[in-house]
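Peer 1: For reference, this is data.tsv, and it has TSV, N, CA and C atoms.
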```tsv
chain	number	residue	atom	x	y	z
A	1	MET	N	114.77	105.45	117.51
A	1	MET	CA	115.35	105.56	116.18
A	1	MET	C	116.53	106.53	116.26
A	2	ALA	N	117.70	106.04	115.97
A	2	ALA	CA	118.92	106.83	116.13
A	2	ALA	C	119.14	107.84	115.01
A	3	LYS	N	118.68	107.53	113.83
A	3	LYS	CA	118.96	108.36	112.67
A	3	LYS	C	117.65	108.80	112.04
A	4	ILE	N	117.62	110.02	111.53
A	4	ILE	CA	116.44	110.51	110.83
A	4	ILE	C	116.27	109.70	109.55
A	5	LEU	N	115.05	109.27	109.29
A	5	LEU	CA	114.75	108.58	108.05
A	5	LEU	C	114.33	109.60	107.01
A	6	THR	N	114.81	109.43	105.80
A	6	THR	CA	114.44	110.32	104.71
A	6	THR	C	113.82	109.51	103.59
A	7	GLY	N	113.08	110.20	102.74
A	7	GLY	CA	112.44	109.52	101.61
A	7	GLY	C	111.89	110.52	100.63
A	8	GLY	N	111.24	109.99	99.61
A	8	GLY	CA	110.67	110.85	98.60
A	8	GLY	C	110.03	110.07	97.48
A	9	CYS	N	109.58	110.81	96.50
A	9	CYS	CA	108.90	110.21	95.36
A	9	CYS	C	109.91	109.72	94.32
A	10	CYS	N	109.42	109.08	93.30
A	10	CYS	CA	110.26	108.49	92.26
A	10	CYS	C	111.05	109.55	91.49
A	11	CYS	N	110.44	110.68	91.19
A	11	CYS	CA	111.11	111.70	90.37
A	11	CYS	C	111.93	112.68	91.20
A	12	GLY	N	111.80	112.66	92.52
A	12	GLY	CA	112.57	113.55	93.39
A	12	GLY	C	111.93	114.89	93.66
A	13	ALA	N	110.75	115.15	93.11
A	13	ALA	CA	110.09	116.44	93.34
A	13	ALA	C	109.63	116.59	94.79
A	14	LEU	N	109.28	115.47	95.45
A	14	LEU	CA	108.89	115.49	96.86
A	14	LEU	C	109.95	114.78	97.68
A	15	ARG	N	110.35	115.39	98.79
A	15	ARG	CA	111.27	114.78	99.75
A	15	ARG	C	110.70	115.02	101.14
A	16	TYR	N	111.00	114.11	102.07
A	16	TYR	CA	110.52	114.25	103.43
A	16	TYR	C	111.53	113.64	104.39
A	17	GLN	N	111.30	113.92	105.68
A	17	GLN	CA	112.06	113.25	106.73
A	17	GLN	C	111.12	112.87	107.87
A	18	ALA	N	111.46	111.76	108.51
A	18	ALA	CA	110.71	111.26	109.66
A	18	ALA	C	111.69	111.06	110.80
A	19	ARG	N	111.37	111.66	111.94
A	19	ARG	CA	112.27	111.60	113.09
A	19	ARG	C	111.86	110.55	114.13
A	20	GLU	N	110.73	109.90	113.91
A	20	GLU	CA	110.26	108.89	114.87
A	20	GLU	C	109.28	107.95	114.18
A	21	ILE	N	109.41	106.67	114.42
A	21	ILE	CA	108.47	105.67	113.91
A	21	ILE	C	107.80	105.02	115.12
A	22	LEU	N	106.46	105.01	115.13
A	22	LEU	CA	105.72	104.43	116.25
A	22	LEU	C	105.34	102.97	116.00
A	23	ASP	N	105.09	102.64	114.75
A	23	ASP	CA	104.57	101.32	114.40
A	23	ASP	C	104.75	101.15	112.90
A	24	ALA	N	104.65	99.92	112.43
A	24	ALA	CA	104.72	99.67	110.99
A	24	ALA	C	103.95	98.39	110.69
A	25	GLY	N	103.39	98.32	109.50
A	25	GLY	CA	102.64	97.13	109.14
A	25	GLY	C	102.27	97.10	107.67
A	26	TYR	N	101.47	96.10	107.35
A	26	TYR	CA	100.94	95.91	106.00
A	26	TYR	C	99.45	96.20	106.03
A	27	CYS	N	98.96	96.97	105.06
A	27	CYS	CA	97.52	97.20	104.93
A	27	CYS	C	97.02	96.49	103.68
A	28	HIS	N	95.95	95.69	103.85
A	28	HIS	CA	95.36	94.93	102.76
A	28	HIS	C	94.02	95.53	102.32
A	29	CYS	N	93.67	96.74	102.78
A	29	CYS	CA	92.35	97.30	102.44
A	29	CYS	C	92.28	97.62	100.94
A	30	ARG	N	91.08	97.66	100.43
A	30	ARG	CA	90.87	97.92	99.00
A	30	ARG	C	91.33	99.32	98.61
A	31	ILE	N	91.20	100.29	99.50
A	31	ILE	CA	91.65	101.64	99.15
A	31	ILE	C	93.16	101.65	98.97
A	32	CYS	N	93.91	101.05	99.89
A	32	CYS	CA	95.37	100.98	99.73
A	32	CYS	C	95.76	100.21	98.48
A	33	GLN	N	95.05	99.12	98.21
A	33	GLN	CA	95.33	98.35	96.99
A	33	GLN	C	95.14	99.22	95.75
A	34	ARG	N	94.05	99.93	95.71
A	34	ARG	CA	93.75	100.75	94.52
A	34	ARG	C	94.67	101.95	94.39
A	35	THR	N	94.98	102.63	95.51
A	35	THR	CA	95.81	103.83	95.40
A	35	THR	C	97.28	103.51	95.19
A	36	SER	N	97.71	102.30	95.59
A	36	SER	CA	99.12	101.92	95.39
A	36	SER	C	99.32	101.08	94.14
A	37	GLY	N	98.24	100.45	93.66
A	37	GLY	CA	98.37	99.54	92.53
A	37	GLY	C	99.07	98.25	92.90
A	38	ALA	N	99.07	97.90	94.19
A	38	ALA	CA	99.76	96.71	94.68
A	38	ALA	C	98.80	95.91	95.57
A	39	PRO	N	99.08	94.62	95.78
A	39	PRO	CA	98.17	93.82	96.62
A	39	PRO	C	98.21	94.19	98.10
A	40	VAL	N	99.25	94.89	98.53
A	40	VAL	CA	99.40	95.29	99.92
A	40	VAL	C	100.26	96.55	99.96
A	41	LEU	N	100.06	97.37	100.98
A	41	LEU	CA	100.87	98.58	101.14
A	41	LEU	C	101.55	98.52	102.51
A	42	ALA	N	102.86	98.63	102.53
A	42	ALA	CA	103.61	98.68	103.79
A	42	ALA	C	103.68	100.12	104.26
A	43	TRP	N	103.31	100.38	105.52
A	43	TRP	CA	103.25	101.73	106.07
A	43	TRP	C	104.00	101.80	107.39
A	44	ALA	N	104.39	103.02	107.73
A	44	ALA	CA	105.02	103.29	109.01
A	44	ALA	C	104.31	104.49	109.63
A	45	VAL	N	103.91	104.35	110.89
A	45	VAL	CA	103.21	105.43	111.59
A	45	VAL	C	104.23	106.40	112.17
A	46	VAL	N	104.06	107.68	111.82
A	46	VAL	CA	104.95	108.75	112.26
A	46	VAL	C	104.10	109.83	112.92
A	47	PRO	N	104.47	110.30	114.12
A	47	PRO	CA	103.73	111.42	114.71
A	47	PRO	C	103.82	112.64	113.77
A	48	VAL	N	102.74	113.39	113.67
A	48	VAL	CA	102.73	114.58	112.81
A	48	VAL	C	103.90	115.49	113.15
A	49	ARG	N	104.18	115.66	114.44
A	49	ARG	CA	105.27	116.54	114.87
A	49	ARG	C	106.64	116.05	114.43
A	50	ALA	N	106.76	114.75	114.06
A	50	ALA	CA	108.05	114.16	113.67
A	50	ALA	C	108.17	113.96	112.16
A	51	PHE	N	107.20	114.46	111.40
A	51	PHE	CA	107.22	114.35	109.94
A	51	PHE	C	107.36	115.73	109.33
A	52	GLU	N	108.22	115.85	108.32
A	52	GLU	CA	108.41	117.13	107.65
A	52	GLU	C	108.65	116.93	106.17
A	53	LEU	N	107.88	117.63	105.36
A	53	LEU	CA	108.18	117.69	103.92
A	53	LEU	C	109.35	118.65	103.76
A	54	THR	N	110.40	118.21	103.09
A	54	THR	CA	111.59	119.05	102.93
A	54	THR	C	111.74	119.60	101.51
A	55	ARG	N	110.99	119.04	100.58
A	55	ARG	CA	111.01	119.56	99.21
A	55	ARG	C	109.68	119.28	98.55
A	56	GLY	N	109.18	120.26	97.83
A	56	GLY	CA	107.98	120.09	97.03
A	56	GLY	C	106.68	120.27	97.78
A	57	ARG	N	105.64	120.24	97.01
A	57	ARG	CA	104.28	120.38	97.55
A	57	ARG	C	103.44	119.25	96.97
A	58	PRO	N	102.92	118.37	97.84
A	58	PRO	CA	102.17	117.21	97.33
A	58	PRO	C	100.78	117.58	96.84
A	59	THR	N	100.24	116.73	96.00
A	59	THR	CA	98.84	116.79	95.61
A	59	THR	C	98.08	115.96	96.63
A	60	VAL	N	96.87	116.40	96.99
A	60	VAL	CA	96.08	115.71	98.01
A	60	VAL	C	94.86	115.09	97.35
A	61	PHE	N	94.61	113.83	97.68
A	61	PHE	CA	93.43	113.11	97.20
A	61	PHE	C	92.64	112.64	98.40
A	62	ALA	N	91.37	113.06	98.50
A	62	ALA	CA	90.49	112.60	99.58
A	62	ALA	C	90.02	111.19	99.22
A	63	SER	N	90.66	110.18	99.81
A	63	SER	CA	90.39	108.79	99.44
A	63	SER	C	89.18	108.19	100.17
A	64	SER	N	88.72	108.86	101.20
A	64	SER	CA	87.52	108.43	101.92
A	64	SER	C	86.96	109.65	102.64
A	65	GLU	N	85.86	109.46	103.34
A	65	GLU	CA	85.27	110.60	104.04
A	65	GLU	C	86.14	111.04	105.21
A	66	HIS	N	87.05	110.19	105.69
A	66	HIS	CA	87.87	110.56	106.84
A	66	HIS	C	89.37	110.65	106.54
A	67	GLY	N	89.82	110.19	105.38
A	67	GLY	CA	91.25	110.18	105.12
A	67	GLY	C	91.64	110.75	103.78
A	68	GLU	N	92.93	111.09	103.69
A	68	GLU	CA	93.45	111.61	102.43
A	68	GLU	C	94.85	111.07	102.17
A	69	ARG	N	95.20	111.01	100.91
A	69	ARG	CA	96.51	110.53	100.46
A	69	ARG	C	97.25	111.70	99.86
A	70	LEU	N	98.53	111.80	100.17
A	70	LEU	CA	99.38	112.82	99.58
A	70	LEU	C	100.33	112.13	98.61
A	71	PHE	N	100.41	112.67	97.40
A	71	PHE	CA	101.22	112.05	96.37
A	71	PHE	C	101.86	113.11	95.49
A	72	CYS	N	102.84	112.68	94.71
A	72	CYS	CA	103.51	113.59	93.80
A	72	CYS	C	102.65	113.81	92.57
A	73	GLY	N	102.33	115.05	92.27
A	73	GLY	CA	101.53	115.38	91.10
A	73	GLY	C	102.30	115.20	89.80
A	74	ARG	N	103.59	115.05	89.87
A	74	ARG	CA	104.43	114.88	88.68
A	74	ARG	C	104.59	113.39	88.31
A	75	CYS	N	105.02	112.56	89.26
A	75	CYS	CA	105.28	111.14	88.95
A	75	CYS	C	104.22	110.20	89.49
A	76	GLY	N	103.36	110.67	90.41
A	76	GLY	CA	102.27	109.86	90.92
A	76	GLY	C	102.57	109.06	92.17
A	77	THR	N	103.80	109.11	92.68
A	77	THR	CA	104.15	108.33	93.87
A	77	THR	C	103.32	108.77	95.07
A	78	GLN	N	102.65	107.79	95.71
A	78	GLN	CA	101.89	108.08	96.93
A	78	GLN	C	102.86	108.07	98.11
A	79	ILE	N	102.96	109.19	98.81
A	79	ILE	CA	103.90	109.33	99.92
A	79	ILE	C	103.27	108.92	101.25
A	80	LEU	N	102.04	109.38	101.51
A	80	LEU	CA	101.46	109.09	102.82
A	80	LEU	C	99.96	109.18	102.84
A	81	TYR	N	99.43	108.63	103.93
A	81	TYR	CA	98.01	108.71	104.26
A	81	TYR	C	97.90	109.46	105.58
A	82	LYS	N	96.84	110.28	105.72
A	82	LYS	CA	96.56	110.91	107.00
A	82	LYS	C	95.08	111.13	107.17
A	83	GLU	N	94.66	111.19	108.42
A	83	GLU	CA	93.27	111.52	108.74
A	83	GLU	C	93.05	112.99	108.35
A	84	ARG	N	91.87	113.33	107.89
A	84	ARG	CA	91.60	114.69	107.44
A	84	ARG	C	91.41	115.67	108.59
A	85	ASP	N	90.87	115.20	109.72
A	85	ASP	CA	90.59	116.09	110.85
A	85	ASP	C	91.48	115.77	112.03
A	86	ALA	N	92.23	116.74	112.48
A	86	ALA	CA	93.05	116.64	113.70
A	86	ALA	C	93.96	115.43	113.73
A	87	ALA	N	94.64	115.16	112.64
A	87	ALA	CA	95.55	114.02	112.58
A	87	ALA	C	96.67	114.17	113.61
A	88	GLN	N	96.92	113.11	114.34
A	88	GLN	CA	98.03	113.07	115.30
A	88	GLN	C	99.23	112.34	114.70
A	89	THR	N	98.95	111.50	113.69
A	89	THR	CA	99.99	110.73	113.03
A	89	THR	C	99.75	110.75	111.52
A	90	VAL	N	100.78	110.36	110.78
A	90	VAL	CA	100.66	110.11	109.35
A	90	VAL	C	101.23	108.72	109.09
A	91	ASP	N	100.73	108.07	108.05
A	91	ASP	CA	101.23	106.77	107.65
A	91	ASP	C	102.07	106.95	106.39
A	92	VAL	N	103.37	106.82	106.55
A	92	VAL	CA	104.30	106.97	105.43
A	92	VAL	C	104.39	105.63	104.70
A	93	ASN	N	104.40	105.66	103.39
A	93	ASN	CA	104.58	104.44	102.60
A	93	ASN	C	106.04	104.02	102.69
A	94	VAL	N	106.29	102.87	103.31
A	94	VAL	CA	107.65	102.41	103.60
A	94	VAL	C	108.51	102.34	102.35
A	95	ALA	N	107.94	101.94	101.23
A	95	ALA	CA	108.74	101.81	100.00
A	95	ALA	C	109.27	103.14	99.50
A	96	THR	N	108.73	104.27	99.99
A	96	THR	CA	109.24	105.58	99.57
A	96	THR	C	110.42	106.04	100.41
A	97	LEU	N	110.76	105.29	101.46
A	97	LEU	CA	111.93	105.63	102.27
A	97	LEU	C	113.21	105.36	101.48
A	98	ASP	N	114.24	106.15	101.73
A	98	ASP	CA	115.53	105.90	101.11
A	98	ASP	C	116.14	104.58	101.58
A	99	GLU	N	115.84	104.20	102.83
A	99	GLU	CA	116.33	102.95	103.41
A	99	GLU	C	115.14	102.15	103.97
A	100	PRO	N	114.31	101.58	103.10
A	100	PRO	CA	113.11	100.90	103.59
A	100	PRO	C	113.42	99.69	104.46
A	101	ASP	N	114.60	99.10	104.35
A	101	ASP	CA	114.96	97.95	105.19
A	101	ASP	C	115.01	98.31	106.67
A	102	ARG	N	115.10	99.60	107.00
A	102	ARG	CA	115.18	100.01	108.40
A	102	ARG	C	113.85	99.95	109.14
A	103	VAL	N	112.75	99.77	108.42
A	103	VAL	CA	111.42	99.74	109.04
A	103	VAL	C	110.73	98.43	108.68
A	104	ALA	N	110.70	97.52	109.61
A	104	ALA	CA	110.09	96.21	109.38
A	104	ALA	C	108.64	96.20	109.86
A	105	PRO	N	107.72	95.75	109.02
A	105	PRO	CA	106.32	95.63	109.44
A	105	PRO	C	106.16	94.70	110.64
A	106	GLN	N	105.18	95.02	111.49
A	106	GLN	CA	104.92	94.26	112.71
A	106	GLN	C	103.54	93.60	112.72
A	107	VAL	N	102.68	93.96	111.76
A	107	VAL	CA	101.28	93.53	111.81
A	107	VAL	C	100.68	93.63	110.40
A	108	HIS	N	99.60	92.87	110.19
A	108	HIS	CA	98.78	92.99	108.97
A	108	HIS	C	97.42	93.53	109.40
A	109	ILE	N	96.89	94.50	108.66
A	109	ILE	CA	95.55	95.03	108.96
A	109	ILE	C	94.65	94.90	107.73
A	110	TRP	N	93.35	94.93	107.98
A	110	TRP	CA	92.32	94.79	106.95
A	110	TRP	C	92.52	93.53	106.12
A	111	THR	N	92.86	92.44	106.78
A	111	THR	CA	93.10	91.19	106.06
A	111	THR	C	91.84	90.59	105.44
A	112	GLN	N	90.67	91.04	105.85
A	112	GLN	CA	89.44	90.57	105.21
A	112	GLN	C	89.41	90.95	103.73
A	113	SER	N	90.22	91.95	103.34
A	113	SER	CA	90.29	92.38	101.95
A	113	SER	C	91.52	91.84	101.22
A	114	ARG	N	92.26	90.95	101.88
A	114	ARG	CA	93.47	90.40	101.26
A	114	ARG	C	93.11	89.72	99.94
A	115	ILE	N	93.90	89.98	98.92
A	115	ILE	CA	93.73	89.31	97.64
A	115	ILE	C	94.17	87.85	97.83
A	116	ALA	N	93.32	86.92	97.45
A	116	ALA	CA	93.51	85.50	97.77
A	116	ALA	C	94.87	84.95	97.33
A	117	TRP	N	95.39	85.38	96.21
A	117	TRP	CA	96.65	84.82	95.72
A	117	TRP	C	97.88	85.45	96.34
A	118	PHE	N	97.69	86.45	97.22
A	118	PHE	CA	98.83	87.10	97.87
A	118	PHE	C	98.86	86.78	99.35
A	119	ASP	N	99.98	86.19	99.81
A	119	ASP	CA	100.14	85.93	101.24
A	119	ASP	C	101.63	85.92	101.55
A	120	THR	N	102.00	86.63	102.61
A	120	THR	CA	103.41	86.73	102.97
A	120	THR	C	103.92	85.56	103.80
A	121	HIS	N	103.04	84.79	104.43
A	121	HIS	CA	103.43	83.64	105.27
A	121	HIS	C	104.51	84.03	106.28
A	122	ASP	N	104.32	85.17	106.95
A	122	ASP	CA	105.35	85.67	107.85
A	122	ASP	C	105.07	85.48	109.33
A	123	GLY	N	103.90	85.06	109.72
A	123	GLY	CA	103.60	84.82	111.12
A	123	GLY	C	103.28	86.06	111.93
A	124	LEU	N	103.20	87.23	111.30
A	124	LEU	CA	102.85	88.45	112.03
A	124	LEU	C	101.37	88.42	112.40
A	125	PRO	N	100.98	89.13	113.47
A	125	PRO	CA	99.55	89.21	113.84
A	125	PRO	C	98.74	89.77	112.67
A	126	ARG	N	97.51	89.25	112.53
A	126	ARG	CA	96.63	89.66	111.43
A	126	ARG	C	95.29	90.11	112.00
A	127	HIS	N	94.80	91.22	111.48
A	127	HIS	CA	93.55	91.81	111.97
A	127	HIS	C	92.62	92.00	110.78
A	128	PRO	N	91.43	91.37	110.80
A	128	PRO	CA	90.56	91.40	109.64
A	128	PRO	C	89.94	92.77	109.32
A	129	ASP	N	89.71	93.61	110.32
A	129	ASP	CA	88.95	94.82	110.06
A	129	ASP	C	89.56	96.07	110.68
A	130	GLY	N	90.83	96.27	110.50
A	130	GLY	CA	91.45	97.52	110.96
A	130	GLY	C	92.67	97.27	111.81
A	131	ARG	N	93.09	98.32	112.46
A	131	ARG	CA	94.27	98.27	113.31
A	131	ARG	C	93.96	97.71	114.68
A	132	PRO	N	94.92	97.06	115.29
A	132	PRO	CA	94.69	96.57	116.65
A	132	PRO	C	94.62	97.75	117.61
A	133	ASP	N	93.95	97.53	118.73
A	133	ASP	CA	93.84	98.59	119.74
A	133	ASP	C	95.18	98.88	120.41
A	134	SER	N	96.03	97.87	120.47
A	134	SER	CA	97.34	98.06	121.07
A	134	SER	C	98.33	97.16	120.34
A	135	PRO	N	99.62	97.52	120.36
A	135	PRO	CA	100.62	96.70	119.69
A	135	PRO	C	100.68	95.26	120.23
A	136	ALA	N	100.26	95.04	121.46
A	136	ALA	CA	100.33	93.71	122.06
A	136	ALA	C	99.21	92.79	121.59
A	137	GLU	N	98.12	93.36	121.03
A	137	GLU	CA	96.99	92.53	120.60
A	137	GLU	C	97.41	91.68	119.41
A	138	SER	N	96.95	90.45	119.35
A	138	SER	CA	97.26	89.60	118.19
A	138	SER	C	96.04	88.85	117.72
```
Output the file's structure as structure tokens, nothing else.
Peer 2:
Amino acid sequence: MAKILTGGCCCGALRYQAREILDAGYCHCRICQRTSGAPVLAWAVVPVRAFELTRGRPTVFASSEHGERLFCGRCGTQILYKERDAAQTVDVNVATLDEPDRVAPQVHIWTQSRIAWFDTHDGLPRHPDGRPDSPAES
């Protein structure tokens, strides 16, 4: 990635930068559906060391026993997901990037929870119950 990616929430209270993207995809899990209010959430995996909040302090919601979502307490925009213990990466919500076109999804995960009327028909690899073990798996 040649240029640092920047992003933030709808009201501008939270801003961040990402210096490296490892992977990107669509998540169809029920938690992502409920926390985003959308049938699917596009995410980009960023190493913790390459992610920095540059403005504001997010509100944290423990969305499961192992994960948490960071969002703006003012406007409600969900910025990212991360594991609660010893996270090595964070999943940034692609739509919160200033230039979301720069990060194209490569995979669909948790497709067993896909809402029946929503389908992208894009030909990307699909995984019914989580992330693939490697980017090459399909």
Peer 1: Find the residues around Cys11 of chain A up to 7 Å (only C-alpha atoms counted), leave out those fewer than 2 positions away in its own chain, and share them as a VMD selection string.
Peer 2: chain A and resid 9 13 75
Peer 1: If you measure from atom CA of Gly67 of chain A to atom C of His28 of chain A, what distance in Å do you get, rounded to one decimal?
Peer 2: 15.2 Å
Peer 1: Compare A:Trp110, A:Ala86, A:Cys29, A:Arg57 by their minimum atom-to-atom distance to Cys72 of chain A, counting only N, CA and C atoms, and give me the closest one.
Peer 2: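 That would be A:Arg57, the residue with the smallest distance to Cys72 of chain A.
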Peer 1: So that I can check the surroundings of Ile115 of chain A, please list as a list in words every protein, DNA and RNA residue that reaches within 12 Å of it, counting only C-alpha atoms and ignoring chain neighbours fewer than 3 positions away.
Peer 2: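 Within the cut-off, the hits are Cys27, His28, Cys29, Arg30, Cys32, Gln33, Arg34, Ala38, Pro39, Val40, Trp110, Thr111, Gln112, Phe118, Asp119 and Thr120 of chain A.
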Peer 1: Could you give me, as a PyMOL selection string, the residues within 12 Å of Gly56 of chain A, counting only C-alpha atoms and dropping anything in the same chain fewer than 2 positions from it?
Peer 2: chain A and resi 8-9+11-16+52-54+58-59+70-74+79
Peer 1: Report the residues of chain A whose backbone DSSP state falls under strand (DSSP E), written as a short mmCIF file (atom, residue, chain, number, x, y, z; two decimals) with N, CA and C atoms, in the frame of the given file.
Peer 2:
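Just written: out_3.cif:
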```
data_model
loop_
_atom_site.label_atom_id
_atom_site.label_comp_id
_atom_site.auth_asym_id
_atom_site.auth_seq_id
_atom_site.Cartn_x
_atom_site.Cartn_y
_atom_site.Cartn_z
N LEU A 5 115.05 109.27 109.29
CA LEU A 5 114.75 108.58 108.05
C LEU A 5 114.33 109.60 107.01
N THR A 6 114.81 109.43 105.80
CA THR A 6 114.44 110.32 104.71
C THR A 6 113.82 109.51 103.59
N GLY A 7 113.08 110.20 102.74
CA GLY A 7 112.44 109.52 101.61
C GLY A 7 111.89 110.52 100.63
N GLY A 8 111.24 109.99 99.61
CA GLY A 8 110.67 110.85 98.60
C GLY A 8 110.03 110.07 97.48
N ARG A 15 110.35 115.39 98.79
CA ARG A 15 111.27 114.78 99.75
C ARG A 15 110.70 115.02 101.14
N TYR A 16 111.00 114.11 102.07
CA TYR A 16 110.52 114.25 103.43
C TYR A 16 111.53 113.64 104.39
N GLN A 17 111.30 113.92 105.68
CA GLN A 17 112.06 113.25 106.73
C GLN A 17 111.12 112.87 107.87
N ALA A 18 111.46 111.76 108.51
CA ALA A 18 110.71 111.26 109.66
C ALA A 18 111.69 111.06 110.80
N ASP A 23 105.09 102.64 114.75
CA ASP A 23 104.57 101.32 114.40
C ASP A 23 104.75 101.15 112.90
N ALA A 24 104.65 99.92 112.43
CA ALA A 24 104.72 99.67 110.99
C ALA A 24 103.95 98.39 110.69
N GLY A 25 103.39 98.32 109.50
CA GLY A 25 102.64 97.13 109.14
C GLY A 25 102.27 97.10 107.67
N TYR A 26 101.47 96.10 107.35
CA TYR A 26 100.94 95.91 106.00
C TYR A 26 99.45 96.20 106.03
N CYS A 27 98.96 96.97 105.06
CA CYS A 27 97.52 97.20 104.93
C CYS A 27 97.02 96.49 103.68
N LEU A 41 100.06 97.37 100.98
CA LEU A 41 100.87 98.58 101.14
C LEU A 41 101.55 98.52 102.51
N ALA A 42 102.86 98.63 102.53
CA ALA A 42 103.61 98.68 103.79
C ALA A 42 103.68 100.12 104.26
N TRP A 43 103.31 100.38 105.52
CA TRP A 43 103.25 101.73 106.07
C TRP A 43 104.00 101.80 107.39
N ALA A 44 104.39 103.02 107.73
CA ALA A 44 105.02 103.29 109.01
C ALA A 44 104.31 104.49 109.63
N VAL A 45 103.91 104.35 110.89
CA VAL A 45 103.21 105.43 111.59
C VAL A 45 104.23 106.40 112.17
N VAL A 46 104.06 107.68 111.82
CA VAL A 46 104.95 108.75 112.26
C VAL A 46 104.10 109.83 112.92
N PRO A 47 104.47 110.30 114.12
CA PRO A 47 103.73 111.42 114.71
C PRO A 47 103.82 112.64 113.77
N PHE A 51 107.20 114.46 111.40
CA PHE A 51 107.22 114.35 109.94
C PHE A 51 107.36 115.73 109.33
N GLU A 52 108.22 115.85 108.32
CA GLU A 52 108.41 117.13 107.65
C GLU A 52 108.65 116.93 106.17
N LEU A 53 107.88 117.63 105.36
CA LEU A 53 108.18 117.69 103.92
C LEU A 53 109.35 118.65 103.76
N THR A 54 110.40 118.21 103.09
CA THR A 54 111.59 119.05 102.93
C THR A 54 111.74 119.60 101.51
N ARG A 55 110.99 119.04 100.58
CA ARG A 55 111.01 119.56 99.21
C ARG A 55 109.68 119.28 98.55
N THR A 59 100.24 116.73 96.00
CA THR A 59 98.84 116.79 95.61
C THR A 59 98.08 115.96 96.63
N VAL A 60 96.87 116.40 96.99
CA VAL A 60 96.08 115.71 98.01
C VAL A 60 94.86 115.09 97.35
N PHE A 61 94.61 113.83 97.68
CA PHE A 61 93.43 113.11 97.20
C PHE A 61 92.64 112.64 98.40
N ALA A 62 91.37 113.06 98.50
CA ALA A 62 90.49 112.60 99.58
C ALA A 62 90.02 111.19 99.22
N GLY A 67 89.82 110.19 105.38
CA GLY A 67 91.25 110.18 105.12
C GLY A 67 91.64 110.75 103.78
N GLU A 68 92.93 111.09 103.69
CA GLU A 68 93.45 111.61 102.43
C GLU A 68 94.85 111.07 102.17
N ARG A 69 95.20 111.01 100.91
CA ARG A 69 96.51 110.53 100.46
C ARG A 69 97.25 111.70 99.86
N LEU A 70 98.53 111.80 100.17
CA LEU A 70 99.38 112.82 99.58
C LEU A 70 100.33 112.13 98.61
N PHE A 71 100.41 112.67 97.40
CA PHE A 71 101.22 112.05 96.37
C PHE A 71 101.86 113.11 95.49
N GLN A 78 102.65 107.79 95.71
CA GLN A 78 101.89 108.08 96.93
C GLN A 78 102.86 108.07 98.11
N ILE A 79 102.96 109.19 98.81
CA ILE A 79 103.90 109.33 99.92
C ILE A 79 103.27 108.92 101.25
N LEU A 80 102.04 109.38 101.51
CA LEU A 80 101.46 109.09 102.82
C LEU A 80 99.96 109.18 102.84
N TYR A 81 99.43 108.63 103.93
CA TYR A 81 98.01 108.71 104.26
C TYR A 81 97.90 109.46 105.58
N LYS A 82 96.84 110.28 105.72
CA LYS A 82 96.56 110.91 107.00
C LYS A 82 95.08 111.13 107.17
N GLU A 83 94.66 111.19 108.42
CA GLU A 83 93.27 111.52 108.74
C GLU A 83 93.05 112.99 108.35
N THR A 89 98.95 111.50 113.69
CA THR A 89 99.99 110.73 113.03
C THR A 89 99.75 110.75 111.52
N VAL A 90 100.78 110.36 110.78
CA VAL A 90 100.66 110.11 109.35
C VAL A 90 101.23 108.72 109.09
N ASP A 91 100.73 108.07 108.05
CA ASP A 91 101.23 106.77 107.65
C ASP A 91 102.07 106.95 106.39
N VAL A 92 103.37 106.82 106.55
CA VAL A 92 104.30 106.97 105.43
C VAL A 92 104.39 105.63 104.70
N ASN A 93 104.40 105.66 103.39
CA ASN A 93 104.58 104.44 102.60
C ASN A 93 106.04 104.02 102.69
N HIS A 108 99.60 92.87 110.19
CA HIS A 108 98.78 92.99 108.97
C HIS A 108 97.42 93.53 109.40
N ILE A 109 96.89 94.50 108.66
CA ILE A 109 95.55 95.03 108.96
C ILE A 109 94.65 94.90 107.73
N ARG A 126 97.51 89.25 112.53
CA ARG A 126 96.63 89.66 111.43
C ARG A 126 95.29 90.11 112.00
N HIS A 127 94.80 91.22 111.48
CA HIS A 127 93.55 91.81 111.97
C HIS A 127 92.62 92.00 110.78
#
```
Peer 1: Could you tell me how far atom CA of Glu68 of chain A sits from atom N of Asp85 of chain A, in Å to one decimal place?
Peer 2: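 Computed distance, atom N of Asp85 of chain A to atom CA of Glu68 of chain A, equals 8.5 Å.
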Peer 1: In Å, rounded to a single decimal, give me how far atom N of Pro47 of chain A is from atom N of Arg84 of chain A.
Peer 2: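 Taking atom N of Arg84 of chain A and atom N of Pro47 of chain A, their separation equals 14.4 Å.
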Peer 1: Show me as a list in words the residues that reach within 7 Å of (114.2, 109.7, 109.1), counting only C-alpha atoms and using the file's own coordinates.
Peer 2: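 I get Lys3, Ile4, Leu5, Thr6, Gln17, Ala18 and Arg19 of chain A for the residues within 7 Å of that point.
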Peer 1: Find the residues near Leu80 of chain A: any atom within 5 Å, counting all atoms listed in the file, skip ones fewer than 3 places away on the same chain, and give them as a list of chain:residue names.
Peer 2: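 Listing them by chain and then by number gives A:Arg69, A:Leu70, A:Asp91, A:Val92, A:Asn93.
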Peer 1: Could you save the residues just selected, with N, CA and C atoms, as a PDB file, in the frame of the given file?
Peer 2:
```
ATOM      1  N   ARG A  69      95.200 111.010 100.910  1.00  0.00           N
ATOM      2  CA  ARG A  69      96.510 110.530 100.460  1.00  0.00           C
ATOM      3  C   ARG A  69      97.250 111.700  99.860  1.00  0.00           C
ATOM      4  N   LEU A  70      98.530 111.800 100.170  1.00  0.00           N
ATOM      5  CA  LEU A  70      99.380 112.820  99.580  1.00  0.00           C
ATOM      6  C   LEU A  70     100.330 112.130  98.610  1.00  0.00           C
ATOM      7  N   ASP A  91     100.730 108.070 108.050  1.00  0.00           N
ATOM      8  CA  ASP A  91     101.230 106.770 107.650  1.00  0.00           C
ATOM      9  C   ASP A  91     102.070 106.950 106.390  1.00  0.00           C
ATOM     10  N   VAL A  92     103.370 106.820 106.550  1.00  0.00           N
ATOM     11  CA  VAL A  92     104.300 106.970 105.430  1.00  0.00           C
ATOM     12  C   VAL A  92     104.390 105.630 104.700  1.00  0.00           C
ATOM     13  N   ASN A  93     104.400 105.660 103.390  1.00  0.00           N
ATOM     14  CA  ASN A  93     104.580 104.440 102.600  1.00  0.00           C
ATOM     15  C   ASN A  93     106.040 104.020 102.690  1.00  0.00           C
TER      16      ASN A  93
END
```
